[in-house]
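Participant: I'm passing along my_file.txt; it holds compact mmCIF, C-alpha atoms.
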# COMPACT_ATOMS: atom_id res chain seq x y z
CA MET E 1 -29.71 -43.27 -28.77
CA LEU E 2 -31.07 -41.19 -25.93
CA SER E 3 -29.85 -43.67 -23.34
CA LEU E 4 -26.39 -43.66 -24.94
CA SER E 5 -26.19 -39.88 -24.75
CA LEU E 6 -27.37 -40.04 -21.14
CA VAL E 7 -24.69 -42.58 -20.26
CA VAL E 8 -22.00 -40.48 -21.94
CA GLY E 9 -23.33 -37.38 -20.19
CA TRP E 10 -23.20 -39.01 -16.76
CA MET E 11 -19.71 -40.32 -17.48
CA LEU E 12 -18.62 -36.77 -18.30
CA VAL E 13 -20.25 -35.46 -15.13
CA VAL E 14 -18.40 -38.07 -13.06
CA PHE E 15 -15.12 -37.34 -14.86
CA ILE E 16 -15.41 -33.58 -14.38
CA GLY E 17 -16.35 -34.12 -10.73
CA LEU E 18 -13.36 -36.34 -10.09
CA LEU E 19 -11.07 -33.92 -11.91
CA GLY E 20 -12.35 -30.97 -9.86
CA ALA E 21 -12.11 -32.94 -6.61
CA SER E 22 -8.53 -33.97 -7.45
CA ILE E 23 -7.52 -30.38 -8.17
CA LEU E 24 -9.09 -29.17 -4.92
CA TRP E 25 -7.45 -32.00 -2.96
CA LEU E 26 -4.04 -31.21 -4.44
CA ILE E 27 -4.51 -27.53 -3.58
CA TRP E 28 -5.52 -28.32 0.01
CA THR E 29 -2.57 -30.66 0.50
CA ASN E 30 -0.25 -28.04 -1.06
CA LYS E 31 0.83 -30.36 -3.82
CA ILE E 32 -0.43 -27.62 -6.14
CA ASP E 33 1.47 -24.78 -4.52
CA LEU E 34 -0.33 -21.44 -4.67
CA LYS E 35 2.28 -19.65 -2.58
CA HIS E 36 3.47 -17.57 -5.50
CA LEU E 37 0.06 -17.06 -7.12
CA ILE E 38 0.38 -13.28 -7.01
CA SER E 39 4.14 -13.04 -6.52
CA GLU E 40 6.82 -11.79 -8.79
CA GLN E 41 10.12 -13.55 -9.40
CA ASN E 42 11.75 -11.81 -6.44
CA GLY E 43 9.01 -13.02 -4.09
CA ASP E 44 7.15 -9.74 -3.58
CA ALA E 45 3.43 -9.71 -4.19
CA SER E 46 2.24 -7.95 -7.34
CA LEU E 47 -0.84 -5.75 -7.17
CA SER E 48 -1.39 -6.09 -10.92
CA ARG E 49 -1.54 -9.87 -10.62
CA PHE E 50 -3.90 -9.57 -7.67
CA GLN E 51 -6.20 -7.27 -9.65
CA LEU E 52 -6.25 -9.67 -12.58
CA LEU E 53 -7.04 -12.55 -10.22
CA VAL E 54 -9.93 -10.65 -8.59
CA PHE E 55 -11.50 -9.60 -11.91
CA THR E 56 -11.13 -13.10 -13.35
CA PHE E 57 -12.86 -14.62 -10.33
CA VAL E 58 -15.65 -12.04 -10.31
CA ILE E 59 -16.46 -12.42 -13.99
CA SER E 60 -16.20 -16.21 -14.07
CA VAL E 61 -18.39 -16.62 -10.97
CA SER E 62 -20.92 -14.13 -12.39
CA LEU E 63 -21.01 -15.90 -15.74
CA PHE E 64 -21.53 -19.26 -14.13
CA TYR E 65 -24.23 -17.95 -11.81
CA ILE E 66 -26.12 -16.50 -14.77
CA VAL E 67 -25.81 -19.75 -16.74
CA VAL E 68 -27.24 -21.90 -13.93
CA ALA E 69 -29.86 -19.34 -12.85
CA ALA E 70 -31.66 -19.57 -16.20
CA THR E 71 -34.28 -22.29 -16.69
CA PRO E 72 -33.21 -24.30 -18.60
CA PRO E 73 -29.56 -23.39 -17.99
CA GLN E 74 -28.15 -21.55 -20.96
CA PHE E 75 -25.21 -19.43 -21.94
CA PRO E 76 -26.01 -15.70 -22.15
CA ASP E 77 -26.73 -14.41 -25.65
CA LYS E 78 -24.29 -11.57 -25.40
CA ILE E 79 -21.09 -10.86 -23.49
CA PRO E 80 -20.95 -7.07 -23.06
CA PRO E 81 -17.77 -5.62 -24.54
CA GLU E 82 -17.38 -3.50 -21.41
CA ILE E 83 -16.53 -6.67 -19.48
CA LEU E 84 -13.80 -7.48 -21.95
CA GLY E 85 -12.67 -3.87 -21.56
CA LEU E 86 -12.46 -4.31 -17.80
CA LEU E 87 -10.30 -7.41 -18.18
CA GLY E 88 -8.27 -5.68 -20.89
CA ILE E 89 -7.54 -2.70 -18.65
CA SER E 90 -6.34 -5.03 -15.93
CA ALA E 91 -4.19 -7.19 -18.22
CA GLY E 92 -2.77 -4.15 -20.04
CA SER E 93 -1.91 -2.50 -16.75
CA TYR E 94 -0.10 -5.67 -15.69
CA VAL E 95 1.99 -5.77 -18.88
CA ILE E 96 2.92 -2.07 -18.71
CA SER E 97 3.74 -2.37 -15.02
CA LYS E 98 6.11 -5.27 -15.68
CA ALA E 99 7.76 -3.36 -18.53
CA ILE E 100 8.41 -0.35 -16.26
CA GLN E 101 9.78 -2.57 -13.51
CA LYS E 102 12.07 -4.56 -15.81
CA ASN E 103 13.38 -1.37 -17.36
CA ALA E 104 14.19 0.09 -13.94
CA GLU E 105 15.85 -3.12 -12.77
CA MET E 106 18.01 -3.41 -15.87
CA ALA E 107 19.16 0.20 -15.54
CA SER E 108 20.35 -0.37 -12.00
CA PRO E 109 23.32 -2.72 -11.57
CA SER E 110 22.48 -3.18 -7.88
CA THR E 111 19.30 -5.01 -8.77
CA LEU E 112 20.90 -7.25 -11.34
CA PRO E 113 21.35 -10.83 -10.25
CA ALA E 114 24.69 -11.40 -8.55
CA PRO E 115 27.19 -13.46 -10.47
CA ALA E 116 27.36 -17.04 -9.35
CA THR E 117 30.39 -17.76 -7.16
CA ASN E 118 30.18 -21.50 -6.80
CA GLN E 119 30.82 -22.20 -10.41
CA PRO E 120 33.66 -24.66 -11.08
CA PRO E 121 36.78 -23.11 -12.65
CA ALA E 122 36.75 -23.06 -16.35
CA ALA E 123 38.56 -25.97 -17.94
CA PRO E 124 41.80 -25.09 -19.79
CA PRO E 125 41.39 -24.90 -23.51
CA VAL E 126 42.06 -28.13 -25.25
CA ILE E 127 44.59 -27.79 -28.03
CA ILE E 128 44.15 -30.28 -30.73
CA ALA E 129 47.44 -31.08 -32.43
CA PRO E 130 47.36 -31.14 -36.19
CA ALA E 131 47.08 -34.56 -37.59
CA ALA E 132 50.38 -36.19 -38.57
CA PRO E 133 50.89 -36.68 -42.29
CA PRO E 134 50.18 -40.19 -43.44
CA PRO E 135 53.29 -42.40 -43.72
CA ALA E 136 54.78 -42.76 -47.15
CA ALA E 137 53.73 -45.84 -49.01
CA VAL E 138 56.26 -48.66 -48.95
CA ILE E 139 56.27 -50.90 -51.97
CA VAL E 140 57.32 -54.37 -51.09
CA THR E 141 58.37 -56.58 -54.02
CA PRO E 142 57.46 -60.16 -53.40
CA PRO E 143 60.30 -62.68 -53.87
CA VAL E 144 60.46 -64.25 -57.28
CA THR E 145 59.34 -67.82 -57.15
CA ASP E 146 59.33 -68.63 -60.87
CA PRO E 147 62.13 -71.28 -61.45
CA VAL E 148 62.84 -70.00 -64.96
CA VAL E 149 63.40 -66.47 -63.76
CA GLN E 150 65.51 -67.80 -60.88
CA ALA E 151 67.69 -69.78 -63.31
CA ARG E 152 68.18 -66.70 -65.49
CA GLY E 153 69.05 -64.61 -62.53
CA SER E 154 71.65 -67.05 -61.32
CA MET Q 1 -31.55 -34.94 -19.02
CA SER Q 2 -32.60 -32.23 -16.56
CA GLN Q 3 -31.03 -34.24 -13.72
CA LEU Q 4 -27.79 -34.32 -15.69
CA VAL Q 5 -27.81 -30.55 -16.16
CA THR Q 6 -28.63 -30.01 -12.48
CA ALA Q 7 -25.83 -32.32 -11.40
CA LEU Q 8 -23.34 -30.57 -13.67
CA GLY Q 9 -24.49 -27.18 -12.38
CA TRP Q 10 -24.01 -28.23 -8.77
CA GLU Q 11 -20.68 -29.79 -9.56
CA VAL Q 12 -19.20 -26.72 -11.24
CA SER Q 13 -20.75 -24.44 -8.61
CA LEU Q 14 -19.16 -26.46 -5.84
CA PHE Q 15 -15.83 -26.51 -7.64
CA LEU Q 16 -15.79 -22.75 -8.28
CA GLY Q 17 -16.96 -22.02 -4.75
CA ALA Q 18 -14.39 -24.33 -3.19
CA LEU Q 19 -11.63 -22.91 -5.39
CA LEU Q 20 -12.61 -19.37 -4.44
CA LEU Q 21 -12.73 -20.30 -0.74
CA SER Q 22 -9.36 -22.02 -1.00
CA VAL Q 23 -7.72 -18.98 -2.55
CA VAL Q 24 -9.35 -16.57 -0.07
CA HIS Q 25 -8.42 -18.81 2.87
CA LYS Q 26 -4.82 -19.10 1.70
CA LEU Q 27 -4.66 -15.35 1.17
CA LEU Q 28 -5.95 -14.67 4.68
CA ALA Q 29 -3.82 -17.37 6.28
CA GLY Q 30 -0.71 -16.05 4.58
CA THR Q 31 -0.03 -19.20 2.57
CA ILE Q 32 -0.28 -17.13 -0.59
CA LYS Q 33 2.38 -14.50 -0.14
CA THR Q 34 1.05 -10.95 0.00
CA GLN Q 35 4.22 -9.40 1.35
CA GLY Q 36 4.93 -6.10 -0.39
CA LEU Q 37 1.51 -5.87 -2.03
CA LEU Q 38 1.09 -2.22 -1.05
CA ASN Q 39 4.75 -1.20 -0.96
CA ASP Q 40 6.65 0.82 -3.51
CA LYS Q 41 9.45 -1.56 -4.41
CA LEU Q 42 11.42 0.82 -6.62
CA ALA Q 43 11.56 3.69 -4.11
CA ASP Q 44 12.00 3.46 -0.35
CA GLY Q 45 9.80 0.39 0.04
CA GLY Q 46 7.18 2.27 2.06
CA LEU Q 47 3.41 2.27 1.69
CA SER Q 48 2.36 3.50 -1.73
CA PRO Q 49 -0.88 5.54 -1.86
CA ALA Q 50 -1.24 4.75 -5.57
CA ARG Q 51 -1.32 1.04 -4.75
CA VAL Q 52 -3.79 1.54 -1.91
CA GLN Q 53 -6.23 3.43 -4.15
CA LEU Q 54 -5.92 0.76 -6.85
CA LEU Q 55 -6.65 -2.00 -4.35
CA VAL Q 56 -9.64 -0.16 -2.89
CA LEU Q 57 -11.09 0.67 -6.31
CA THR Q 58 -10.55 -2.87 -7.59
CA LEU Q 59 -12.41 -4.37 -4.65
CA SER Q 60 -15.14 -1.73 -4.89
CA ALA Q 61 -15.65 -2.26 -8.62
CA SER Q 62 -15.77 -6.03 -8.10
CA GLY Q 63 -18.31 -5.70 -5.30
CA TYR Q 64 -20.44 -3.34 -7.38
CA TYR Q 65 -20.46 -5.75 -10.29
CA LEU Q 66 -21.37 -8.72 -8.09
CA ILE Q 67 -24.29 -6.73 -6.64
CA GLN Q 68 -25.47 -5.97 -10.18
CA VAL Q 69 -25.34 -9.68 -11.02
CA ALA Q 70 -27.28 -10.57 -7.88
CA HIS Q 71 -29.99 -7.99 -8.71
CA ASP Q 72 -30.61 -9.29 -12.22
CA PRO Q 73 -29.24 -12.77 -12.87
CA THR Q 74 -30.96 -13.10 -16.25
CA LYS Q 75 -28.06 -11.63 -18.19
CA LEU Q 76 -24.51 -10.45 -17.69
CA PRO Q 77 -24.89 -6.83 -16.58
CA THR Q 78 -23.10 -4.23 -18.63
CA PRO Q 79 -20.70 -2.30 -16.43
CA PRO Q 80 -21.33 1.45 -16.80
CA LEU Q 81 -18.75 3.41 -18.74
CA GLU Q 82 -18.12 5.47 -15.61
CA LEU Q 83 -16.94 2.32 -13.85
CA LEU Q 84 -14.57 1.55 -16.70
CA GLY Q 85 -13.31 5.13 -16.54
CA VAL Q 86 -12.72 4.92 -12.80
CA VAL Q 87 -10.88 1.59 -13.04
CA GLY Q 88 -8.85 2.81 -16.02
CA GLY Q 89 -8.00 6.06 -14.26
CA SER Q 90 -7.00 4.21 -11.12
CA ASN Q 91 -4.69 1.99 -13.15
CA LEU Q 92 -3.24 5.07 -14.84
CA VAL Q 93 -2.52 6.65 -11.45
CA TYR Q 94 -0.83 3.43 -10.34
CA LEU Q 95 1.24 3.20 -13.52
CA GLY Q 96 2.16 6.88 -13.32
CA ALA Q 97 3.38 6.49 -9.74
CA LYS Q 98 5.34 3.42 -10.73
CA LEU Q 99 6.91 5.21 -13.67
CA ARG Q 100 7.88 8.11 -11.42
CA SER Q 101 9.49 5.73 -8.94
CA ALA Q 102 11.32 3.99 -11.75
CA ILE Q 103 12.72 7.27 -13.07
CA GLU Q 104 13.82 8.32 -9.58
CA HIS Q 105 15.39 4.90 -9.04
CA ARG Q 106 17.24 5.20 -12.31
CA THR Q 107 18.45 8.70 -11.52
CA GLN Q 108 19.71 7.66 -8.09
CA SER Q 109 21.57 4.68 -9.46
CA GLY Q 110 23.16 6.84 -12.15
CA GLY Q 111 21.59 4.91 -15.00
Could I get this file's structure written as structure tokens?
Facilitator:
Amino acid sequence: MLSLSLVVGWMLVVFIGLLGASILWLIWTNKIDLKHLISEQNGDASLSRFQLLVFTFVISVSLFYIVVAATPPQFPDKIPPEILGLLGISAGSYVISKAIQKNAEMASPSTLPAPATNQPPAAPPVIIAPAAPPPAAVIVTPPVTDPVVQARGS
Amino acid sequence: MSQLVTALGWEVSLFLGALLLSVVHKLLAGTIKTQGLLNDKLADGGLSPARVQLLVLTLSASGYYLIQVAHDPTKLPTPPLELLGVVGGSNLVYLGAKLRSAIEHRTQSGG
């Protein structure tokens, strides 16, 4: 059983390694494009996003360093709530900042997106004629073929 | 089993380190766009002191915390309440300046 768990463990290590290497390779070859990592929709860099990125990196690197520095490696018993407060301040500031910016942009018509000019002209409305009434039923009397009836008729 | 844990530790360390280096390199090389990071976009587009102080305090608080971790890597250090107050206050200054710019922008555009 121990050897099985070891094999599975090594397989996971190899998988995680390959996954990490692939992600790094895609970042270095710009197939994962980080150009707009801290940008807003209009292309300008956002300080709130940058702050959130810095705090996330600092806390994740610190957490990992503490995990591997212990012998044997172990997760810390307690995550101080002040750290969550630090991340919360940053994330809350980001949300409020975006709300202020959106509000200002919506109030100003000059910052609204320009209407698209290369749209094809609208198609004329299609008028659907009312359906014609169904033709009246025509009752066709078949010719009489009975010889007795024919004799009477003549 | 200890070899497995060591290998995993090295692997994740290398990944985090390489990811951090990639992001820092792309920031310094200009691949990640930082244009307008310190400019007030709602006003005249000039340098915003509120943004500068937020950037400086963010980097200072991060450096302080990393030094604390390096001093005692047995547990996650608790950031002092003063640090939280300074970071929160800095964010408030930034948001206040942004709100002021937004109100001015709205007034000028007649909104």
Participant: Return the single residue from Q:Val93, Q:Leu99, Q:Val52, Q:Leu84 that is closest to Asn39 in chain Q, with distances computed using all atoms listed in the file.
Facilitator: Q:Val52
Participant: Quick one: pull the distance between CA of Leu76 in chain Q and CA of Phe75 in chain E, Å, one decimal.
Facilitator: 10.0 Å
Participant: For chain E, list the residues within 8 Å of chain Q, counting all atoms listed in the file, and write the list as a count of residues only.
Facilitator: 55
Participant: Please indicate the distance in Å from CA of Thr56 in chain E to CA of Ala91 in chain E, rounded to one decimal place.
Facilitator: 10.3 Å
Participant: Would you mind reading off the distance between CA of Leu53 in chain E and CA of Leu87 in chain E, one decimal, in Å?
Facilitator: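 Between these atoms lies a distance of 10.0 Å.
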